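Just final_8.pdb here, PDB, C-alpha atoms:
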ATOM      1  CA  MET X   1       0.000   0.000   0.000  1.00  0.00           C
ATOM      2  CA  ARG X   2       2.848   2.413   0.740  1.00  0.00           C
ATOM      3  CA  LEU X   3       4.317   1.942  -2.730  1.00  0.00           C
ATOM      4  CA  HIS X   4       0.916   2.728  -4.253  1.00  0.00           C
ATOM      5  CA  ASN X   5       0.681   5.976  -2.233  1.00  0.00           C
ATOM      6  CA  LYS X   6       4.177   6.988  -3.311  1.00  0.00           C
ATOM      7  CA  LEU X   7       3.317   6.344  -6.969  1.00  0.00           C
ATOM      8  CA  VAL X   8       0.122   8.392  -6.678  1.00  0.00           C
ATOM      9  CA  TYR X   9       2.071  11.231  -5.054  1.00  0.00           C
ATOM     10  CA  LEU X  10       4.833  11.078  -7.651  1.00  0.00           C
ATOM     11  CA  THR X  11       2.341  10.990 -10.528  1.00  0.00           C
ATOM     12  CA  SER X  12       0.463  13.979  -9.085  1.00  0.00           C
ATOM     13  CA  PHE X  13       3.703  15.895  -8.619  1.00  0.00           C
ATOM     14  CA  VAL X  14       4.838  15.241 -12.204  1.00  0.00           C
ATOM     15  CA  ALA X  15       1.420  16.272 -13.536  1.00  0.00           C
ATOM     16  CA  ALA X  16       1.561  19.512 -11.525  1.00  0.00           C
ATOM     17  CA  VAL X  17       5.042  20.343 -12.854  1.00  0.00           C
ATOM     18  CA  VAL X  18       3.937  19.672 -16.435  1.00  0.00           C
ATOM     19  CA  LEU X  19       0.894  21.929 -15.988  1.00  0.00           C
ATOM     20  CA  LEU X  20       3.053  24.664 -14.504  1.00  0.00           C
ATOM     21  CA  PHE X  21       5.510  24.612 -17.415  1.00  0.00           C
ATOM     22  CA  THR X  22       2.642  24.506 -19.911  1.00  0.00           C
ATOM     23  CA  ALA X  23       1.028  27.537 -18.299  1.00  0.00           C
ATOM     24  CA  CYS X  24       4.332  29.431 -18.393  1.00  0.00           C
ATOM     25  CA  ALA X  25       4.872  28.612 -22.059  1.00  0.00           C
ATOM     26  CA  VAL X  26       1.375  29.796 -22.946  1.00  0.00           C
ATOM     27  CA  ALA X  27       1.897  33.012 -20.952  1.00  0.00           C
ATOM     28  CA  ILE X  28       4.595  34.227 -23.356  1.00  0.00           C
ATOM     29  CA  GLU X  29       2.820  36.713 -25.547  1.00  0.00           C
ATOM     30  CA  PRO X  30       2.839  36.336 -29.323  1.00  0.00           C
ATOM     31  CA  GLY X  31       5.466  38.526 -30.902  1.00  0.00           C
ATOM     32  CA  HIS X  32       8.084  38.025 -28.174  1.00  0.00           C
ATOM     33  CA  ILE X  33      11.076  36.369 -29.785  1.00  0.00           C
ATOM     34  CA  THR X  34      14.591  35.338 -28.812  1.00  0.00           C
ATOM     35  CA  PRO X  35      17.676  37.100 -30.193  1.00  0.00           C
ATOM     36  CA  GLU X  36      18.265  34.115 -32.485  1.00  0.00           C
ATOM     37  CA  GLU X  37      14.681  34.274 -33.796  1.00  0.00           C
ATOM     38  CA  GLY X  38      15.154  38.017 -34.273  1.00  0.00           C
ATOM     39  CA  GLN X  39      18.229  37.405 -36.406  1.00  0.00           C
ATOM     40  CA  MET X  40      16.290  34.912 -38.536  1.00  0.00           C
ATOM     41  CA  LEU X  41      13.438  37.418 -38.905  1.00  0.00           C
ATOM     42  CA  ILE X  42      15.881  40.098 -40.055  1.00  0.00           C
ATOM     43  CA  GLU X  43      17.329  37.711 -42.633  1.00  0.00           C
ATOM     44  CA  GLN X  44      13.922  36.512 -43.909  1.00  0.00           C
ATOM     45  CA  LYS X  45      11.693  39.619 -43.979  1.00  0.00           C
ATOM     46  CA  GLU X  46      12.838  42.068 -46.625  1.00  0.00           C
ATOM     47  CA  ASN X  47      10.423  44.833 -45.635  1.00  0.00           C
ATOM     48  CA  LEU X  48      11.038  44.534 -41.879  1.00  0.00           C
ATOM     49  CA  VAL X  49      11.401  47.849 -40.038  1.00  0.00           C
ATOM     50  CA  ILE X  50      13.720  47.670 -37.042  1.00  0.00           C
ATOM     51  CA  ILE X  51      13.204  50.186 -34.252  1.00  0.00           C
ATOM     52  CA  ASP X  52      15.994  50.558 -31.740  1.00  0.00           C
ATOM     53  CA  MET X  53      14.508  51.736 -28.430  1.00  0.00           C
ATOM     54  CA  ARG X  54      17.846  52.731 -26.896  1.00  0.00           C
ATOM     55  CA  ASN X  55      19.095  56.257 -26.275  1.00  0.00           C
ATOM     56  CA  PRO X  56      20.977  57.993 -29.122  1.00  0.00           C
ATOM     57  CA  HIS X  57      24.390  57.651 -27.420  1.00  0.00           C
ATOM     58  CA  GLU X  58      23.845  53.869 -27.233  1.00  0.00           C
ATOM     59  CA  PHE X  59      22.531  53.694 -30.797  1.00  0.00           C
ATOM     60  CA  VAL X  60      25.628  55.331 -32.318  1.00  0.00           C
ATOM     61  CA  THR X  61      27.971  52.730 -30.808  1.00  0.00           C
ATOM     62  CA  VAL X  62      26.332  49.772 -32.591  1.00  0.00           C
ATOM     63  CA  HIS X  63      23.016  49.170 -34.310  1.00  0.00           C
ATOM     64  CA  PHE X  64      21.366  47.131 -37.026  1.00  0.00           C
ATOM     65  CA  PRO X  65      21.783  48.601 -40.531  1.00  0.00           C
ATOM     66  CA  ASN X  66      18.889  50.900 -41.493  1.00  0.00           C
ATOM     67  CA  ALA X  67      17.357  50.754 -37.993  1.00  0.00           C
ATOM     68  CA  LEU X  68      15.300  53.685 -36.771  1.00  0.00           C
ATOM     69  CA  ASN X  69      16.304  55.114 -33.413  1.00  0.00           C
ATOM     70  CA  ILE X  70      13.228  56.004 -31.384  1.00  0.00           C
ATOM     71  CA  PRO X  71      14.012  55.905 -27.661  1.00  0.00           C
ATOM     72  CA  VAL X  72      11.178  54.342 -25.701  1.00  0.00           C
ATOM     73  CA  ASN X  73      10.617  57.531 -23.681  1.00  0.00           C
ATOM     74  CA  GLU X  74       9.941  59.386 -26.983  1.00  0.00           C
ATOM     75  CA  LEU X  75       7.814  56.707 -28.656  1.00  0.00           C
ATOM     76  CA  GLU X  76       4.348  58.017 -27.813  1.00  0.00           C
ATOM     77  CA  ALA X  77       5.252  61.471 -29.179  1.00  0.00           C
ATOM     78  CA  ARG X  78       6.765  59.918 -32.317  1.00  0.00           C
ATOM     79  CA  LEU X  79       4.166  57.255 -33.170  1.00  0.00           C
ATOM     80  CA  ASP X  80       3.620  58.822 -36.594  1.00  0.00           C
ATOM     81  CA  GLU X  81       7.208  57.876 -37.528  1.00  0.00           C
ATOM     82  CA  VAL X  82       6.384  54.168 -37.203  1.00  0.00           C
ATOM     83  CA  PRO X  83       5.117  52.906 -40.568  1.00  0.00           C
ATOM     84  CA  SER X  84       2.115  50.634 -40.974  1.00  0.00           C
ATOM     85  CA  GLY X  85       1.666  47.821 -43.449  1.00  0.00           C
ATOM     86  CA  VAL X  86       5.099  46.352 -42.725  1.00  0.00           C
ATOM     87  CA  PRO X  87       6.419  44.067 -39.998  1.00  0.00           C
ATOM     88  CA  ILE X  88       7.979  45.936 -37.078  1.00  0.00           C
ATOM     89  CA  LEU X  89      10.741  44.617 -34.826  1.00  0.00           C
ATOM     90  CA  VAL X  90      11.608  46.538 -31.648  1.00  0.00           C
ATOM     91  CA  HIS X  91      14.708  45.921 -29.557  1.00  0.00           C
ATOM     92  CA  CYS X  92      17.036  47.435 -26.990  1.00  0.00           C
ATOM     93  CA  ILE X  93      19.985  45.839 -25.222  1.00  0.00           C
ATOM     94  CA  ARG X  94      18.293  43.505 -22.736  1.00  0.00           C
ATOM     95  CA  GLY X  95      14.626  43.732 -23.609  1.00  0.00           C
ATOM     96  CA  MET X  96      13.101  45.948 -20.921  1.00  0.00           C
ATOM     97  CA  ARG X  97      12.725  49.153 -22.960  1.00  0.00           C
ATOM     98  CA  SER X  98      11.695  47.303 -26.083  1.00  0.00           C
ATOM     99  CA  MET X  99       9.093  45.391 -24.053  1.00  0.00           C
ATOM    100  CA  ARG X 100       7.588  48.747 -23.069  1.00  0.00           C
ATOM    101  CA  GLY X 101       7.819  49.920 -26.685  1.00  0.00           C
ATOM    102  CA  PHE X 102       6.116  46.711 -27.831  1.00  0.00           C
ATOM    103  CA  GLU X 103       3.261  47.347 -25.388  1.00  0.00           C
ATOM    104  CA  ILE X 104       2.890  50.975 -26.500  1.00  0.00           C
ATOM    105  CA  LEU X 105       2.776  50.018 -30.171  1.00  0.00           C
ATOM    106  CA  ARG X 106       0.430  47.095 -29.535  1.00  0.00           C
ATOM    107  CA  ASP X 107      -1.984  49.321 -27.603  1.00  0.00           C
ATOM    108  CA  MET X 108      -1.730  52.576 -29.560  1.00  0.00           C
ATOM    109  CA  ARG X 109      -1.111  51.315 -33.093  1.00  0.00           C
ATOM    110  CA  PRO X 110      -3.536  48.437 -33.765  1.00  0.00           C
ATOM    111  CA  ASP X 111      -2.890  48.972 -37.492  1.00  0.00           C
ATOM    112  CA  ILE X 112       0.492  47.245 -37.075  1.00  0.00           C
ATOM    113  CA  GLU X 113      -0.354  43.637 -37.841  1.00  0.00           C
ATOM    114  CA  GLU X 114       3.122  42.124 -37.419  1.00  0.00           C
ATOM    115  CA  LEU X 115       4.873  43.341 -34.298  1.00  0.00           C
ATOM    116  CA  TYR X 116       7.886  41.630 -32.732  1.00  0.00           C
ATOM    117  CA  HIS X 117       9.988  42.260 -29.633  1.00  0.00           C
ATOM    118  CA  ILE X 118      13.387  40.735 -28.948  1.00  0.00           C
ATOM    119  CA  TYR X 119      13.732  39.752 -25.315  1.00  0.00           C
ATOM    120  CA  GLY X 120      17.371  39.406 -24.440  1.00  0.00           C
ATOM    121  CA  GLU X 121      20.476  40.900 -25.980  1.00  0.00           C
ATOM    122  CA  PRO X 122      20.195  41.153 -29.789  1.00  0.00           C
ATOM    123  CA  ILE X 123      22.854  39.798 -32.105  1.00  0.00           C
ATOM    124  CA  PHE X 124      24.255  42.811 -33.961  1.00  0.00           C
TER     125      PHE X 124
END

Whole structure given in structure tokens:
Amino acid sequence: MRLHNKLVYLTSFVAAVVLLFTACAVAIEPGHITPEEGQMLIEQKENLVIIDMRNPHEFVTVHFPNALNIPVNELEARLDEVPSGVPILVHCIRGMRSMRGFEILRDMRPDIEELYHIYGEPIF
């Protein structure tokens, strides 16, 4: 009987862990991509517009070719500079500012159908 109780406990524990990881995976919002996925997107989408959310002094040190520099704290005032009808990729250096930029664009520019955010350090 003890072995049966241990198996029931172990099975319940494994099921709970699986459910937890499944819930976490589902919680990642569409459009959030890894640096490696971002690199693939840049290589595959010819009309992709890249918006660098960093400050100008960070942008000048290194940035993706043809990227727009719109610091996240200026984004709401500069929304008209973000084109529609093309995929948009936002990034910064670790993902915090671009996450905020992603949220701003998602909420204030519903006309942008393809919106991506790199979480983590991009591959320049």

* Asked: Where does the PyMOL selection byres ((chain X and resi 82-91) around 6) land in this file, that is, which residues does it pick, as JSON, numbers by chain?
  -> {"X": [48, 49, 50, 51, 52, 53, 79, 80, 81, 92, 98, 112, 114, 115, 116, 117, 118]}

* **Nearby residues (all atoms listed in the file) at most 10 Å from Pro56 in chain X, same-chain spacing under 6 positions excluded, as a ChimeraX atom specification** => /X:69-71

* Asked: In Å, with one decimal, what is the gap from CA of His57 in chain X to CA of Glu36 in chain X?
  ->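 Result for CA of His57 in chain X versus CA of Glu36 in chain X: 24.8 Å, one decimal.
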
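CA of Val60 in chain X lies 23.3 Å from CA of Glu46 in chain X.
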
* Asked: Given the file above and the PyMOL selection byres ((chain X and resi 122) around 9), which residues are selected, and can you give them as a PyMOL selection string?
  -> chain X and resi 34-36+38-39+91-95+118-121+123-124

Please produce a file of the residues just selected, as a short mmCIF file (atom, residue, chain, number, x, y, z; two decimals), in the frame of the given file, where the atoms kept are C-alpha atoms.
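Produced file result26.cif, reproduced below:
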data_model
loop_
_atom_site.label_atom_id
_atom_site.label_comp_id
_atom_site.auth_asym_id
_atom_site.auth_seq_id
_atom_site.Cartn_x
_atom_site.Cartn_y
_atom_site.Cartn_z
CA THR X 34 14.59 35.34 -28.81
CA PRO X 35 17.68 37.10 -30.19
CA GLU X 36 18.26 34.12 -32.48
CA GLY X 38 15.15 38.02 -34.27
CA GLN X 39 18.23 37.40 -36.41
CA HIS X 91 14.71 45.92 -29.56
CA CYS X 92 17.04 47.44 -26.99
CA ILE X 93 19.98 45.84 -25.22
CA ARG X 94 18.29 43.50 -22.74
CA GLY X 95 14.63 43.73 -23.61
CA ILE X 118 13.39 40.74 -28.95
CA TYR X 119 13.73 39.75 -25.32
CA GLY X 120 17.37 39.41 -24.44
CA GLU X 121 20.48 40.90 -25.98
CA ILE X 123 22.85 39.80 -32.10
CA PHE X 124 24.26 42.81 -33.96
#

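Going from CA of Arg97 in chain X over to CA of Val72 in chain X, you cover 6.1 Å.
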
Edge lengths and centre in Å to one decimal, as JSON, is what I'm after for the box along x, y and z that holds all listed atoms of range 56-63 of chain X once 8 Å is added on each side.
{"center_x": 24.5, "center_y": 53.6, "center_z": -30.8, "size_x": 23.0, "size_y": 24.8, "size_z": 23.1}
